[in-house]
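Pasted below: protein.cif, mmCIF, C-alpha atoms.
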```cif
data_protein
#
loop_
_atom_site.label_atom_id
_atom_site.label_comp_id
_atom_site.auth_asym_id
_atom_site.auth_seq_id
_atom_site.Cartn_x
_atom_site.Cartn_y
_atom_site.Cartn_z
CA MET M 7 0.00 0.00 0.00
CA LEU M 8 1.20 3.52 -0.82
CA ALA M 9 -0.24 6.46 1.03
CA LEU M 10 -0.59 10.16 0.26
CA GLY M 11 -4.31 11.08 0.36
CA VAL M 12 -6.62 13.42 2.28
CA ALA M 13 -6.60 15.26 5.56
CA ALA M 14 -5.82 13.35 8.75
CA SER M 15 -8.75 12.26 10.89
CA GLN M 16 -9.33 13.15 14.49
CA ALA M 17 -7.55 10.98 17.04
CA GLN M 18 -9.56 7.85 17.68
CA GLU M 19 -7.40 6.00 20.18
CA ALA M 20 -4.10 6.21 21.98
CA CYS M 21 -0.88 5.50 20.14
CA HIS M 22 0.69 2.13 20.84
CA ILE M 23 3.03 1.99 23.82
CA ASP M 24 5.89 1.09 21.44
CA ALA M 25 5.30 4.08 19.18
CA ILE M 26 8.57 5.21 17.58
CA PRO M 27 9.71 8.73 18.46
CA CYS M 28 10.70 10.91 15.52
CA CYS M 29 13.11 12.34 14.56
CA GLY M 30 15.92 13.39 16.91
CA TRP M 31 18.31 10.56 16.13
CA PRO M 32 21.93 10.96 17.19
CA LYS M 33 24.07 12.53 14.49
CA THR M 34 27.30 10.71 13.67
CA GLU M 35 30.24 12.16 11.77
CA ARG M 36 31.17 9.67 9.05
CA ALA M 37 34.18 9.49 6.73
CA ALA M 38 32.16 9.94 3.54
CA ARG M 39 31.84 12.97 1.35
CA SER M 40 28.44 14.58 1.79
CA VAL M 41 26.51 14.48 -1.49
CA PRO M 42 22.78 14.77 -2.18
CA PRO M 43 21.04 11.37 -2.17
CA SER M 44 20.01 10.15 -5.59
CA LEU M 45 18.38 7.05 -7.02
CA GLY M 46 19.14 5.00 -10.12
CA THR M 47 18.45 1.59 -11.59
CA GLN M 48 20.13 -1.13 -13.67
CA VAL M 49 18.66 -1.36 -17.17
CA TRP M 50 19.12 -3.70 -20.13
CA PRO M 51 19.05 -1.75 -23.42
CA SER M 52 18.10 -4.84 -25.44
CA SER M 53 14.95 -5.28 -23.34
CA LEU M 54 13.99 -1.60 -23.42
CA ALA M 55 14.40 -1.50 -27.19
CA GLN M 56 11.70 -4.17 -27.55
CA ASP M 57 8.98 -2.58 -25.42
CA PRO M 58 8.29 1.18 -25.58
CA THR M 59 5.80 0.98 -22.69
CA THR M 60 8.56 0.00 -20.27
CA VAL M 61 10.57 3.01 -21.46
CA GLU M 62 7.73 5.29 -20.37
CA LYS M 63 7.57 3.59 -16.97
CA LEU M 64 11.30 4.06 -16.60
CA ILE M 65 11.01 7.76 -17.38
CA ALA M 66 8.18 8.05 -14.84
CA LEU M 67 10.53 6.65 -12.20
CA LYS M 68 12.71 9.77 -12.64
CA PRO M 69 16.03 7.98 -12.26
CA ARG M 70 19.10 10.13 -11.70
CA HIS M 71 21.41 7.32 -12.83
CA LEU M 72 21.13 4.47 -15.34
CA ARG M 73 23.62 1.62 -15.11
CA PHE M 74 23.90 -0.56 -18.20
CA SER M 75 26.18 -2.49 -20.51
CA LEU M 76 26.60 -2.42 -24.28
CA GLY M 77 27.98 -4.91 -26.75
CA PRO M 78 28.28 -8.70 -26.69
CA ASN M 79 29.25 -11.05 -23.90
CA TRP M 80 32.90 -10.14 -24.22
CA ARG M 81 34.17 -13.30 -22.54
CA LEU M 82 32.84 -15.28 -25.53
CA ARG M 83 34.71 -13.16 -28.08
CA PRO M 84 38.09 -14.17 -29.60
CA PRO M 85 41.01 -13.90 -27.14
CA LEU M 86 43.08 -10.73 -26.97
CA ARG M 87 46.77 -10.93 -27.85
CA PRO M 88 49.44 -8.95 -25.98
CA GLU M 89 51.01 -7.71 -29.23
CA MET M 90 47.74 -6.24 -30.58
CA SER M 91 48.06 -2.71 -31.92
CA ASP M 92 45.52 -0.03 -31.01
CA ALA M 93 43.98 -0.40 -34.46
CA GLU M 94 43.63 -4.17 -34.04
CA LEU M 95 42.04 -3.72 -30.61
CA ASP M 96 39.61 -1.13 -31.98
CA ALA M 97 38.73 -3.53 -34.81
CA ALA M 98 38.09 -6.37 -32.35
CA ILE M 99 35.69 -4.18 -30.39
CA ALA M 100 33.94 -3.01 -33.57
CA ALA M 101 33.51 -6.66 -34.59
CA GLY M 102 32.05 -7.40 -31.17
CA PHE M 103 29.41 -4.69 -31.55
CA ALA M 104 28.70 -5.82 -35.11
CA SER M 105 27.91 -9.30 -33.79
CA VAL M 106 25.03 -7.97 -31.68
CA ALA M 107 21.66 -7.76 -33.40
CA GLY M 108 20.18 -4.33 -32.78
CA ALA M 109 23.35 -2.81 -31.30
CA ASP M 110 22.65 0.55 -32.96
CA ARG M 111 19.11 0.58 -31.54
CA GLN M 112 20.45 -0.19 -28.06
CA ALA M 113 22.84 2.75 -28.24
CA ALA M 114 20.01 4.93 -29.52
CA ILE M 115 17.71 3.99 -26.63
CA MET M 116 20.41 5.03 -24.13
CA ARG M 117 20.88 8.35 -25.93
CA GLU M 118 17.10 8.86 -25.81
CA LEU M 119 16.89 8.03 -22.12
CA SER M 120 19.75 10.39 -21.33
CA ALA M 121 17.99 13.21 -23.18
CA ARG M 122 14.54 12.57 -21.72
CA THR M 123 15.50 11.91 -18.10
CA GLY M 124 18.73 13.84 -17.66
CA ALA M 125 20.06 10.72 -15.94
CA ALA M 126 23.79 10.14 -15.69
CA LEU M 127 24.75 7.10 -17.78
CA MET M 128 27.02 4.54 -16.10
CA LEU M 129 28.64 1.82 -18.16
CA ILE M 130 29.46 -1.45 -16.44
CA VAL M 131 32.03 -3.64 -18.16
CA TRP M 132 31.41 -7.12 -16.80
CA GLU M 133 34.75 -8.52 -17.95
CA PRO M 134 37.14 -8.40 -20.94
CA PRO M 135 37.54 -11.04 -23.65
CA PRO M 136 39.79 -14.01 -22.84
CA LEU M 137 43.33 -12.93 -21.98
CA PRO M 138 46.67 -14.70 -22.57
CA GLY M 139 47.10 -17.87 -20.55
CA GLU M 140 43.42 -18.27 -19.64
CA PRO M 141 41.65 -21.61 -20.20
CA ASP M 142 39.11 -22.22 -22.94
CA PHE M 143 35.80 -21.34 -21.27
CA THR M 144 33.84 -23.18 -23.94
CA ALA M 145 35.52 -26.54 -23.23
CA PRO M 146 33.51 -29.20 -21.33
CA LYS M 147 33.84 -28.84 -17.54
CA ALA M 148 35.98 -25.73 -17.99
CA ARG M 149 36.44 -23.47 -14.98
CA SER M 150 33.94 -20.64 -15.26
CA TRP M 151 35.49 -18.20 -12.78
CA ARG M 152 38.31 -16.03 -14.08
CA VAL M 153 41.31 -14.44 -12.37
CA LEU M 154 43.11 -11.39 -13.74
CA ALA M 155 46.82 -12.27 -13.83
CA PRO M 156 49.24 -9.40 -13.10
CA GLN M 157 50.86 -9.77 -16.54
CA ASN M 158 47.46 -9.16 -18.20
CA VAL M 159 46.60 -5.94 -16.37
CA ARG M 160 47.92 -3.65 -19.11
CA LEU M 161 46.08 -5.52 -21.86
CA ALA M 162 42.85 -5.43 -19.84
CA ALA M 163 43.31 -1.68 -19.35
CA ARG M 164 43.82 -1.20 -23.08
CA PHE M 165 40.58 -3.08 -23.73
CA HIS M 166 38.63 -0.90 -21.30
CA VAL M 167 39.95 2.33 -22.85
CA ALA M 168 39.27 1.11 -26.40
CA LEU M 169 35.72 0.14 -25.37
CA LEU M 170 35.10 3.56 -23.81
CA ARG M 171 36.38 5.13 -27.02
CA ALA M 172 33.93 3.04 -29.07
CA VAL M 173 30.98 3.94 -26.85
CA ALA M 174 31.82 7.64 -27.11
CA THR M 175 32.11 7.30 -30.91
CA ALA M 176 28.58 5.81 -30.91
CA GLY M 177 27.34 9.06 -29.37
CA VAL M 178 26.54 7.60 -25.93
CA ALA M 179 27.75 10.25 -23.49
CA LEU M 180 28.90 8.46 -20.37
CA ALA M 181 29.04 10.24 -17.04
CA ASP M 182 30.47 7.24 -15.19
CA VAL M 183 32.06 3.83 -15.66
CA GLU M 184 32.41 1.08 -13.08
CA LEU M 185 35.70 -0.70 -13.60
CA ALA M 186 35.16 -4.42 -12.91
CA ASN M 187 32.10 -6.18 -11.55
CA GLU M 188 32.49 -7.82 -8.14
CA PRO M 189 36.26 -8.39 -8.38
CA ASP M 190 36.15 -10.20 -5.04
CA GLY M 191 35.14 -13.20 -7.13
CA SER M 192 31.41 -13.41 -6.42
CA TRP M 193 30.73 -12.78 -10.12
CA ASN M 194 32.80 -12.35 -13.27
CA MET M 195 36.58 -11.92 -12.94
CA ARG M 196 38.46 -12.06 -9.64
CA ILE M 197 40.99 -9.25 -9.29
CA ALA M 198 43.32 -9.09 -6.28
CA PRO M 199 43.54 -5.69 -4.52
CA ALA M 200 47.08 -4.95 -5.76
CA ASP M 201 46.12 -5.88 -9.33
CA TYR M 202 42.96 -3.80 -9.12
CA LEU M 203 45.01 -0.75 -8.16
CA ALA M 204 47.38 -1.50 -11.06
CA LEU M 205 44.35 -1.74 -13.40
CA LEU M 206 43.03 1.64 -12.28
CA ARG M 207 46.38 3.29 -12.86
CA ALA M 208 46.88 1.56 -16.21
CA VAL M 209 43.43 2.68 -17.43
CA ARG M 210 44.27 6.30 -16.64
CA GLU M 211 47.66 6.00 -18.34
CA GLU M 212 46.20 4.36 -21.45
CA ALA M 213 43.42 6.94 -21.68
CA ALA M 214 46.00 9.73 -21.55
CA ARG M 215 48.14 8.00 -24.19
CA ARG M 216 45.18 7.54 -26.54
CA HIS M 217 43.61 10.93 -25.75
CA VAL M 218 40.39 9.31 -24.56
CA ALA M 219 38.35 11.45 -22.14
CA LEU M 220 37.46 9.30 -19.15
CA PRO M 221 34.11 9.48 -17.37
CA ARG M 222 34.15 9.32 -13.60
CA ILE M 223 35.64 6.02 -12.47
CA PHE M 224 33.68 4.04 -9.87
CA GLY M 225 35.25 1.09 -8.07
CA PRO M 226 36.01 -1.48 -6.83
CA GLY M 227 32.35 -2.64 -6.92
CA ALA M 228 32.75 -5.66 -4.64
CA SER M 229 29.71 -7.89 -4.16
CA ARG M 230 28.86 -6.88 -0.59
CA VAL M 231 29.96 -4.24 1.86
CA VAL M 232 31.87 -6.84 3.88
CA GLU M 233 33.71 -8.00 0.72
CA THR M 234 34.91 -4.44 0.09
CA HIS M 235 37.18 -4.39 3.14
CA PRO M 236 40.10 -6.40 1.63
CA TYR M 237 40.61 -3.71 -1.02
CA PHE M 238 41.42 -1.19 1.71
CA ARG M 239 43.03 -3.40 4.34
CA ASP M 240 46.59 -2.62 3.24
CA ALA M 241 47.20 1.10 3.80
CA ALA M 242 49.29 1.68 0.67
CA ILE M 243 46.93 -0.21 -1.63
CA GLY M 244 43.84 1.23 0.05
CA THR M 245 44.94 4.85 -0.24
CA GLY M 246 46.08 4.17 -3.79
CA ILE M 247 42.62 2.91 -4.77
CA LEU M 248 40.91 5.80 -2.98
CA ASP M 249 43.08 8.26 -4.89
CA ALA M 250 42.64 6.47 -8.24
CA VAL M 251 38.83 6.24 -8.27
CA ASP M 252 36.49 9.20 -8.42
CA VAL M 253 33.78 7.43 -6.40
CA VAL M 254 34.05 4.38 -4.16
CA SER M 255 31.47 1.88 -5.35
CA LEU M 256 30.21 -1.25 -3.65
CA HIS M 257 27.31 -3.62 -4.07
CA GLY M 258 24.73 -3.72 -1.33
CA TRP M 259 23.42 -7.28 -1.47
CA ASP M 260 22.16 -8.85 1.72
CA ASP M 261 24.61 -11.24 3.34
CA ALA M 262 23.83 -14.94 3.65
CA ALA M 263 25.73 -15.02 6.93
CA GLY M 264 23.35 -12.42 8.35
CA LYS M 265 25.80 -9.50 8.48
CA ASP M 266 24.13 -6.11 8.57
CA ARG M 267 25.05 -4.18 5.41
CA ALA M 268 24.40 -0.79 7.03
CA ALA M 269 26.54 -1.68 10.06
CA GLU M 270 29.27 -2.97 7.74
CA LEU M 271 29.16 0.34 5.87
CA GLU M 272 29.91 2.17 9.12
CA THR M 273 32.87 -0.16 9.69
CA LEU M 274 34.13 0.51 6.17
CA LEU M 275 33.85 4.27 6.67
CA ALA M 276 35.87 3.92 9.88
CA ARG M 277 38.58 2.25 7.79
CA PHE M 278 38.55 5.21 5.40
CA ALA M 279 38.86 7.59 8.33
CA ALA M 280 41.95 5.69 9.49
CA LEU M 281 43.37 6.18 5.99
CA ARG M 282 42.60 9.93 6.25
CA ARG M 283 40.24 9.85 3.30
CA LYS M 284 36.61 10.95 2.93
CA PRO M 285 35.37 9.57 -0.41
CA GLU M 286 32.01 9.74 -2.10
CA ILE M 287 30.16 6.43 -1.66
CA ALA M 288 27.88 4.82 -4.25
CA VAL M 289 25.97 1.55 -3.96
CA THR M 290 25.88 0.49 -7.60
CA GLU M 291 23.84 -2.68 -7.07
CA PHE M 292 21.19 -2.72 -4.36
CA GLY M 293 18.77 -5.57 -3.94
CA VAL M 294 16.98 -7.37 -1.14
CA GLY M 295 17.22 -11.10 -1.73
CA GLN M 296 15.96 -12.42 1.59
CA PRO M 297 14.05 -9.74 3.49
CA ILE M 298 13.89 -12.02 6.55
CA LEU M 299 17.19 -13.87 6.78
CA THR M 300 15.80 -16.48 9.15
CA ASP M 301 13.10 -17.49 6.67
CA LYS M 302 14.79 -19.77 4.12
CA SER M 303 11.63 -20.75 2.24
CA GLU M 304 11.73 -20.49 -1.54
CA ARG M 305 8.95 -17.91 -1.78
CA MET M 306 10.71 -15.61 0.70
CA ASP M 307 13.79 -15.37 -1.52
CA ALA M 308 13.46 -12.78 -4.29
CA ARG M 309 16.26 -14.48 -6.17
CA ASN M 310 13.69 -17.12 -7.14
CA ARG M 311 10.73 -17.00 -9.50
CA GLY M 312 7.07 -17.73 -8.81
CA GLU M 313 3.74 -15.92 -8.72
CA ASP M 314 3.66 -16.14 -4.91
CA ASN M 315 7.21 -14.81 -4.50
CA VAL M 316 7.67 -12.18 -1.80
CA ALA M 317 8.98 -9.71 -4.42
CA PHE M 318 5.40 -9.19 -5.65
CA THR M 319 4.06 -8.10 -2.24
CA PRO M 320 3.62 -4.70 -0.58
CA ALA M 321 5.63 -6.07 2.35
CA TYR M 322 8.67 -6.50 0.07
CA ALA M 323 8.38 -2.85 -0.96
CA GLY M 324 8.52 -1.93 2.72
CA TYR M 325 11.58 -4.12 3.34
CA SER M 326 13.35 -2.62 0.32
CA LEU M 327 12.68 0.98 1.33
CA ARG M 328 13.69 0.23 4.91
CA ASP M 329 17.09 -1.13 3.88
CA LEU M 330 17.56 1.55 1.23
CA MET M 331 17.04 4.31 3.80
CA ARG M 332 19.61 2.78 6.12
CA LEU M 333 22.19 2.99 3.32
CA TYR M 334 21.30 6.60 2.59
CA GLY M 335 21.47 7.35 6.29
CA GLY M 336 24.89 5.71 6.37
CA ARG M 337 26.05 8.33 3.85
CA ALA M 338 25.70 6.53 0.55
CA GLY M 339 24.96 9.17 -2.08
CA ILE M 340 24.03 7.23 -5.21
CA VAL M 341 22.07 4.00 -4.84
CA ILE M 342 21.25 1.97 -7.96
CA GLN M 343 18.42 -0.51 -7.67
CA TRP M 344 18.92 -3.96 -9.20
CA GLU M 345 17.10 -4.12 -11.54
CA PHE M 346 14.46 -2.24 -13.51
CA GLN M 347 12.72 -5.31 -14.99
CA ASP M 348 12.91 -9.07 -14.57
CA GLN M 349 14.62 -10.61 -17.59
CA ALA M 350 13.54 -13.77 -19.41
CA TRP M 351 17.07 -15.15 -19.17
CA GLY M 352 17.24 -14.50 -15.43
CA LYS M 353 16.21 -16.60 -12.46
CA GLY M 354 15.10 -14.03 -9.91
CA SER M 355 12.27 -11.58 -9.21
CA LEU M 356 14.30 -8.57 -8.13
CA GLY M 357 13.03 -6.27 -10.90
CA LEU M 358 10.76 -3.31 -10.29
CA LEU M 359 8.68 -4.57 -13.21
CA ASP M 360 7.75 -8.19 -13.89
CA LEU M 361 8.54 -10.09 -17.09
CA LYS M 362 5.51 -8.61 -18.86
CA GLY M 363 6.26 -5.05 -17.76
CA GLY M 364 3.71 -5.00 -14.93
CA GLU M 365 4.43 -2.74 -11.98
CA LYS M 366 5.28 -4.39 -8.68
CA PRO M 367 4.59 -2.63 -5.36
CA VAL M 368 8.33 -1.93 -5.01
CA TYR M 369 8.21 0.05 -8.29
CA ARG M 370 5.46 2.25 -6.94
CA ALA M 371 7.32 2.70 -3.64
CA LEU M 372 10.54 3.77 -5.35
CA ARG M 373 8.59 6.08 -7.64
CA LEU M 374 7.09 7.70 -4.56
CA LEU M 375 10.60 8.22 -3.15
CA ALA M 376 11.93 9.47 -6.50
CA GLU M 377 9.19 12.10 -6.66
CA ARG M 378 10.27 13.38 -3.26
CA LEU M 379 13.92 13.44 -4.28
CA ASP M 380 13.02 15.11 -7.58
CA ALA M 381 10.98 17.86 -5.97
CA GLU M 382 14.16 19.51 -4.74
CA THR M 383 17.70 18.46 -4.03
CA HIS M 384 17.72 17.29 -0.44
CA ASP M 385 20.75 17.99 1.68
CA ALA M 386 20.70 14.57 3.33
CA ILE M 387 18.62 11.65 4.47
CA GLU M 388 18.60 10.83 8.14
CA ALA M 389 17.24 7.41 9.05
CA SER M 390 16.14 5.76 12.26
CA PRO M 391 18.42 2.90 13.36
CA ASP M 392 16.10 0.29 11.85
CA GLY M 393 15.42 2.29 8.67
CA ARG M 394 11.66 2.38 9.03
CA LEU M 395 11.62 6.16 9.36
CA ALA M 396 13.68 8.49 7.20
CA LEU M 397 13.83 12.27 7.22
CA LEU M 398 14.58 13.97 3.91
CA ARG M 399 16.09 17.30 4.88
CA ARG M 400 16.17 20.46 2.82
CA ALA M 401 16.47 23.84 4.56
CA GLY M 402 13.48 23.17 6.83
CA ARG M 403 11.23 21.93 4.02
CA ASP M 404 11.40 18.32 5.07
CA SER M 405 9.59 15.11 4.17
CA LEU M 406 9.12 11.91 6.13
CA ILE M 407 9.33 8.47 4.50
CA VAL M 408 7.85 5.62 6.52
CA ALA M 409 8.44 2.00 5.49
CA ASN M 410 6.29 -0.49 7.39
CA PRO M 411 6.73 -4.04 6.04
CA THR M 412 4.89 -5.68 8.94
CA ARG M 413 1.28 -6.86 9.13
CA GLU M 414 0.53 -4.45 11.99
CA PRO M 415 0.02 -0.67 11.84
CA LEU M 416 3.03 1.42 12.86
CA ASP M 417 2.62 4.31 15.28
CA ILE M 418 5.10 7.15 15.47
CA VAL M 419 5.23 10.30 17.59
CA LEU M 420 6.58 13.52 16.09
CA ARG M 421 8.30 15.07 19.12
CA ASP M 422 9.40 18.38 17.66
CA ARG M 423 7.64 18.53 14.28
CA LYS M 424 4.14 18.59 12.89
CA PRO M 425 2.81 16.85 9.79
CA GLY M 426 2.06 19.03 6.81
CA PRO M 427 -1.47 19.38 5.43
CA ALA M 428 -3.27 16.55 3.63
CA THR M 429 -1.15 13.69 4.95
CA GLY M 430 -3.94 11.14 4.62
CA ILE M 431 -2.72 9.35 7.74
CA LEU M 432 -4.77 8.44 10.84
CA ALA M 433 -3.89 10.32 13.98
CA CYS M 434 -3.45 8.68 17.37
CA SER M 435 -3.19 10.45 20.70
CA ALA M 436 0.26 10.70 22.25
CA ALA M 437 1.85 12.64 25.07
CA GLY M 438 4.56 15.05 24.05
CA GLY M 439 3.95 15.16 20.32
CA ALA M 440 1.78 14.50 17.31
CA GLY M 441 0.88 10.82 16.93
CA LEU M 442 0.42 9.20 13.53
CA ARG M 443 -0.64 5.67 12.61
CA PHE M 444 0.74 4.22 9.36
CA PRO M 445 -0.94 1.27 7.64
CA ALA M 446 0.42 -2.26 7.65
CA GLU M 447 2.60 -3.30 4.71
CA SER M 448 2.89 0.22 3.38
CA VAL M 449 5.35 2.84 2.19
CA THR M 450 4.24 6.38 2.95
CA ALA M 451 5.60 9.85 2.20
CA ILE M 452 4.31 12.89 4.06
CA PRO M 453 5.42 16.51 4.12
CA LEU M 454 6.40 18.02 7.43
CA ALA M 455 5.42 21.53 8.38
CA ASP M 456 8.18 24.13 8.31
CA ARG M 457 9.93 24.67 11.60
#
```

The structure in this file should be written as structure tokens.
Amino acid sequence: MLALGVAASQAQEACHIDAIPCCGWPKTERAARSVPPSLGTQVWPSSLAQDPTTVEKLIALKPRHLRFSLGPNWRLRPPLRPEMSDAELDAAIAAGFASVAGADRQAAIMRELSARTGAALMLIVWEPPPLPGEPDFTAPKARSWRVLAPQNVRLAARFHVALLRAVATAGVALADVELANEPDGSWNMRIAPADYLALLRAVREEAARRHVALPRIFGPGASRVVETHPYFRDAAIGTGILDAVDVVSLHGWDDAAGKDRAAELETLLARFAALRRKPEIAVTEFGVGQPILTDKSERMDARNRGEDNVAFTPAYAGYSLRDLMRLYGGRAGIVIQWEFQDQAWGKGSLGLLDLKGGEKPVYRALRLLAERLDAETHDAIEASPDGRLALLRRAGRDSLIVANPTREPLDIVLRDRKPGPATGILACSAAGGAGLRFPAESVTAIPLADR
């Protein structure tokens, strides 16, 4: 359920004894650059090119960032050779794009989306083609997971720069690029911290040599917050990476071991503080796989498919917004939702739209948030410790986002604020403040009166 609605009713009963006070949460100084919160999503140009109605729903979401890939599955292309000239490398990339049916249309759809939404385009390069010394991935029982060998770092960097050059030539104006996808080895190519730093430096050197203008570099993009730590554990490597990227990126998947991603983010920021750095933080893949980690049933895992999957419920929208707000409150600036639409080749239900383009409750919840973020650039988001309440601050003109994934109504007490007009929320009586009762399994946005 999403709530906006009509004027609040008169108080009918007392607020629950466990009503949550709002919103004087303790302020914590964190080692992250303060940037306005913004929302994006992962898109697949091939899918968008086939269904114009989903394009309109994407535009209605008002994304500030669009993460995507272009071209073929590069790991299935012919191997790269260390002696390749720049011209040969450019030709190999051109042949890769030529092998993709509708490649020009996919580039065109990203140009259109950039123009119509103003969103910053972020290219993700999953992995390069096979490199010298790697096994044949097409052979029976071949090892699927790759490792970037130190001697192949320069060649991999040359590939990345040549690919960025090709994308720019196609007229797709990139704002950002994420170098590597989950180099901790959870997906695609494993890259050791020292080799990742060498890759970053080599990309910048190769771009300068070839006169290729680089977009902002995001990295390292490890699979979870806890898997990001090894890239900054060694002081020399960690400071090198922090100085070589423009934005520190990480993926915010829930942890099978039950580790709290928001708490782990605080630990990571403490590590940055020890390194005397205060970077911008972006969560470039955010998804809630198991909203209740203790419930291992198939339907309660959004990485599965099924009409009764939790991802299709209003409760899942509440869980997603709750965890999203905790990341914003932890000083993440950009958060990119995985993914915009379920894909036929996929196995999960994490998309905001289903396979047929139907809107899930989580789509409507994120659209509600995006409208609040779009109304004006908010200075920051402050969240309650559990993420159910979030205050969007902007020079006194604040909004309150309430995520209630439970089957019971949620009562809160505004201690030092008053709700704005036309909140559409039931009132409850409370001592020392204005009491409000939010519906079960709902995501609600209300304006707060000026101070």

Problem - Hits of the PyMOL selection byres ((chain M and resi 36) around 12) in this structure, as JSON, numbers by chain - result: {"M": [33, 34, 35, 37, 38, 39, 40, 271, 272, 273, 274, 275, 276, 277, 278, 279, 280, 282, 283, 284, 285, 286, 287, 335, 336, 337, 338]}

Could you write those residues out with C-alpha atoms, as a PDB file, in the frame of the given file?
```
ATOM      1  CA  LYS M  33      24.070  12.530  14.490  1.00  0.00           C
ATOM      2  CA  THR M  34      27.300  10.710  13.670  1.00  0.00           C
ATOM      3  CA  GLU M  35      30.240  12.160  11.770  1.00  0.00           C
ATOM      4  CA  ALA M  37      34.180   9.490   6.730  1.00  0.00           C
ATOM      5  CA  ALA M  38      32.160   9.940   3.540  1.00  0.00           C
ATOM      6  CA  ARG M  39      31.840  12.970   1.350  1.00  0.00           C
ATOM      7  CA  SER M  40      28.440  14.580   1.790  1.00  0.00           C
ATOM      8  CA  LEU M 271      29.160   0.340   5.870  1.00  0.00           C
ATOM      9  CA  GLU M 272      29.910   2.170   9.120  1.00  0.00           C
ATOM     10  CA  THR M 273      32.870  -0.160   9.690  1.00  0.00           C
ATOM     11  CA  LEU M 274      34.130   0.510   6.170  1.00  0.00           C
ATOM     12  CA  LEU M 275      33.850   4.270   6.670  1.00  0.00           C
ATOM     13  CA  ALA M 276      35.870   3.920   9.880  1.00  0.00           C
ATOM     14  CA  ARG M 277      38.580   2.250   7.790  1.00  0.00           C
ATOM     15  CA  PHE M 278      38.550   5.210   5.400  1.00  0.00           C
ATOM     16  CA  ALA M 279      38.860   7.590   8.330  1.00  0.00           C
ATOM     17  CA  ALA M 280      41.950   5.690   9.490  1.00  0.00           C
ATOM     18  CA  ARG M 282      42.600   9.930   6.250  1.00  0.00           C
ATOM     19  CA  ARG M 283      40.240   9.850   3.300  1.00  0.00           C
ATOM     20  CA  LYS M 284      36.610  10.950   2.930  1.00  0.00           C
ATOM     21  CA  PRO M 285      35.370   9.570  -0.410  1.00  0.00           C
ATOM     22  CA  GLU M 286      32.010   9.740  -2.100  1.00  0.00           C
ATOM     23  CA  ILE M 287      30.160   6.430  -1.660  1.00  0.00           C
ATOM     24  CA  GLY M 335      21.470   7.350   6.290  1.00  0.00           C
ATOM     25  CA  GLY M 336      24.890   5.710   6.370  1.00  0.00           C
ATOM     26  CA  ARG M 337      26.050   8.330   3.850  1.00  0.00           C
ATOM     27  CA  ALA M 338      25.700   6.530   0.550  1.00  0.00           C
TER      28      ALA M 338
END
```

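Look at stretch 103-120 of chain M: the protein and nucleic acid residues within 9 Å of it, using all atoms listed in the file and passing over chain neighbours fewer than 2 places away, are M:Trp50, M:Pro51, M:Ser52, M:Ser53, M:Leu54, M:Ala55, M:Val61, M:Leu64, M:Ile65, M:Leu72, M:Phe74, M:Leu76, M:Gly77, M:Pro78, M:Ala98, M:Ile99, M:Ala100, M:Ala101, M:Arg122, M:Thr123, M:Gly124, M:Ala125, M:Ala126, M:Leu127, M:Val173, M:Ala176, M:Gly177, M:Val178, M:Ala179.
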
Problem - Target residues per the PyMOL selection byres ((chain M and resi 321-323) around 6), formatted as a ChimeraX atom specification - result: /M:317,319-320,324-326,367-368,411,447

Exercise for the section: List the residues matched by the PyMOL selection byres ((chain M and resi 79) around 9) in the displayed structure as a ChimeraX atom specification, ordered by chain and then by residue number. Expected result: /M:77-78,80-83,102,132-135

Problem - Option closest in space to M:Leu327, from M:Gly393, M:Gly258, M:Pro297, M:Pro136 [counting all atoms listed in the file] - result: M:Gly393

Mind running stretch 38-102 of chain M against stretch 369-391 of chain M at 8 Å and telling me each contacting residue's nearest atom pair with the distance in Å (one decimal), counting only C-alpha atoms, chain and number ascending, as CSV?
```
residue,atom,partner,partner_atom,distance
M:Ser40,CA,M:Ala386,CA,7.9
M:Val41,CA,M:Asp385,CA,7.5
M:Pro42,CA,M:Asp385,CA,5.4
M:Pro43,CA,M:Ala386,CA,6.4
M:Ser44,CA,M:Leu379,CA,7.0
M:Leu45,CA,M:Ala376,CA,6.9
M:Ala66,CA,M:Arg373,CA,7.5
M:Leu67,CA,M:Arg373,CA,5.0
M:Lys68,CA,M:Ala376,CA,6.2
M:Pro69,CA,M:Ala376,CA,7.2
```

Practice task
Do a neighbour search on stretch 200-215 of chain M at 10 Å with all atoms listed in the file, toss out local chain neighbours closer than 2 positions, and write the hits as a PyMOL selection string.
Solution key: chain M and resi 154-168+170-171+185-186+189+196-198+217-220+223-226+237+240+242-251

Restrict the calculation to all atoms listed in the file, then for each residue of stretch 19-115 of chain M with any atom at most 10 Å from an atom of stretch 355-365 of chain M give the closest atom pair and their distance in Å to one decimal, rows by chain and rising residue number, as JSON lines.
```
{"residue": "M:Thr47", "atom": "CA", "partner": "M:Leu358", "partner_atom": "CA", "distance": 9.2}
{"residue": "M:Gln48", "atom": "CA", "partner": "M:Gly357", "partner_atom": "CA", "distance": 9.2}
{"residue": "M:Val49", "atom": "CA", "partner": "M:Gly357", "partner_atom": "CA", "distance": 9.8}
{"residue": "M:Asp57", "atom": "CA", "partner": "M:Gly363", "partner_atom": "CA", "distance": 8.5}
{"residue": "M:Thr59", "atom": "CA", "partner": "M:Gly363", "partner_atom": "CA", "distance": 7.8}
{"residue": "M:Thr60", "atom": "CA", "partner": "M:Gly363", "partner_atom": "CA", "distance": 6.1}
{"residue": "M:Val61", "atom": "CA", "partner": "M:Gly363", "partner_atom": "CA", "distance": 9.9}
{"residue": "M:Lys63", "atom": "CA", "partner": "M:Glu365", "partner_atom": "CA", "distance": 8.7}
{"residue": "M:Leu64", "atom": "CA", "partner": "M:Leu359", "partner_atom": "CA", "distance": 9.6}
```
